[in-house]
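Visitor: Take this structure first; my questions come after.
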Amino acid sequence: MGRFLQFAGLVIGLAGLVLQACITIPASMEAGRSFLGSIVFLFSFFTILTNIGAVLVHVSLLSPSGYAWLPAFAGPRMRAGVAVSIALVFIVYATVLAQLWQPQGLFLLCDVLLHYVTPVLFVLWWLIAGADGRTRWSDISWWMAYPIAYLAYALARAPIAGEVPYPFLDVAKNGAANVALAALAVTGVFLVLCILAVLADKGVSRLKGSGHTPLTRLQVSPRIA
C-alpha cells in the first residue's frame with residue numbers, strides 16, 4: 001500500500017505541477033508579465049513549492065539506491081516536515097482560499113490535484129510507510145523555518161512585484177495589522193500540525209513495533225510491496 005501511494009503521489013504530483021506550469025505561465029504572460037516574471041510568479045506559491053518537495057521525497061525513496069539520491073529529501077525529518085507543510089496546504093485552501101475564487105477548466109483540475117489529492121496521498125503514505133519514530137521535538141524549529149522564510153519572501157516581494165500570492169497577505173488592501181493576524185493564525189495552525197506530526201510519528205512507530213527500522217532497508221527488500 002505504501003509503495004502504491006508513493007507511485008500515485010509521484011505521478012499525480014508531477015502531472016499537476018507540469019499542467020499548472022503549462023497553463024499558468026501563458027496566462028501570466030497574457031496578463032502582462034514577462035516570461036521570467038511568470039516563472040517567478042508560479043514559484044511564489046507555497047502550494048507549488050510544497051508539492052515540489054513532496055515529489056522530491058517520492059523520487060528519492062523510489063530510486064533504486066534510496067538515500068544515495070537526493071538524501072536530504074529521503075530523511076525522516078524531511079518526510080515529516082513535508083507532510084506537515086502539505087497538510088497546511090490542504091487546510092488553508094479548503095477553509096479559506098477555496099471561497100475566494102472559482103477556477104474553471106484546467107485551473108480547477110490543477111487546484112483539486114495540488115490542494116486536495118496530493119496532500120491526502122502524501123499524508124496517508126507518510127502515516128503508513130514514511131513515519132518511523134525518528135522525529136524529535138527539536139525538529140519542529142527546523143520545520144517552522146520553511147513557512148517563516150516563505151512569509152518573509154512573499155511580503156518582501158509584494159512591494160516590488162505589486163502583487164501577493166495569497167489575498168490574506170495583501171498589506172495594501174487589508175492593512176498591516178490584519179496581515180499580521182492572518183500570518184500568526186496560519187503559523188499557529190502549522191505549529192499545531194508540527195506537534196501532531198511528532199505525536200503521530202511516535203504513535204505509528206509503536207504500533208509497528210519497530211520504530212527505528214531504516215526506511216532504506218524497507219525500500220530495497222523484495223518482500224515489501
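Each chain of the C-alpha cells is named A, B, ... in the order shown, its residues numbered from 1; ligands are numbered from 1 in display order.
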Please provide the set of residues having any atom within 9 Å of A:Leu70, restricted to only C-alpha atoms, with same-chain residues fewer than 4 positions apart removed, written as number ranges by chain.

Guide: A: 56-57, 59-61, 66, 74

Visitor: Using DSSP on the backbone, list every residue of stretch 160-206 of chain A that comes out as alpha helix (DSSP H), and give them as a ChimeraX atom specification.

Guide: /A:160-161,171-174,176-206

Visitor: Please provide as a PyMOL selection string all residues within 8 Å of A:Arg136, with the sequence filter that same-chain residues fewer than 3 positions apart are discarded (counting only C-alpha atoms).

Guide: chain A and resi 139-140+198

Visitor: Between atom CA of A:Gly37 and atom CA of A:Pro167, what distance in Å does the model show, to one decimal?

Guide: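 Result for atom CA of A:Gly37 versus atom CA of A:Pro167: 19.1 Å, one decimal.
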
Visitor: Might you pull out every residue within 12 Å of A:Ser138, with only C-alpha atoms counted and same-chain residues fewer than 4 positions away left off, and present them as a ChimeraX atom specification?

Guide: /A:77,134,142-144,194-195,198

Visitor: Output N, CA and C atoms for every residue in the selection just made, as a short mmCIF file (atom, residue, chain, number, x, y, z; two decimals), in the first residue's frame.

Guide:
data_model
loop_
_atom_site.label_atom_id
_atom_site.label_comp_id
_atom_site.auth_asym_id
_atom_site.auth_seq_id
_atom_site.Cartn_x
_atom_site.Cartn_y
_atom_site.Cartn_z
N ARG A 77 13.30 13.52 8.95
CA ARG A 77 12.90 14.89 9.29
C ARG A 77 12.26 15.58 8.11
N ARG A 134 11.48 8.44 14.29
CA ARG A 134 12.76 9.12 14.45
C ARG A 134 12.65 10.65 14.49
N TRP A 142 13.07 23.37 13.08
CA TRP A 142 13.57 23.25 11.70
C TRP A 142 12.42 23.35 10.70
N TRP A 143 11.30 22.69 11.00
CA TRP A 143 10.15 22.75 10.10
C TRP A 143 9.57 24.16 10.03
N MET A 144 9.56 24.87 11.17
CA MET A 144 8.98 26.21 11.21
C MET A 144 9.74 27.20 10.33
N CYS A 194 2.70 20.52 13.44
CA CYS A 194 4.03 20.00 13.78
C CYS A 194 3.96 19.12 15.03
N ILE A 195 3.25 19.60 16.04
CA ILE A 195 3.11 18.84 17.27
C ILE A 195 2.40 17.52 17.01
N VAL A 198 4.75 14.96 15.28
CA VAL A 198 5.69 14.26 16.17
C VAL A 198 4.95 13.19 16.97
#

Visitor: Excluding same-chain residues fewer than 2 positions from A:Phe41, what lies within 12 Å of it counting only C-alpha atoms, as a ChimeraX atom specification?

Guide: /A:20-21,24-29,31-39,43-46,48-49,154,157-158,161-166
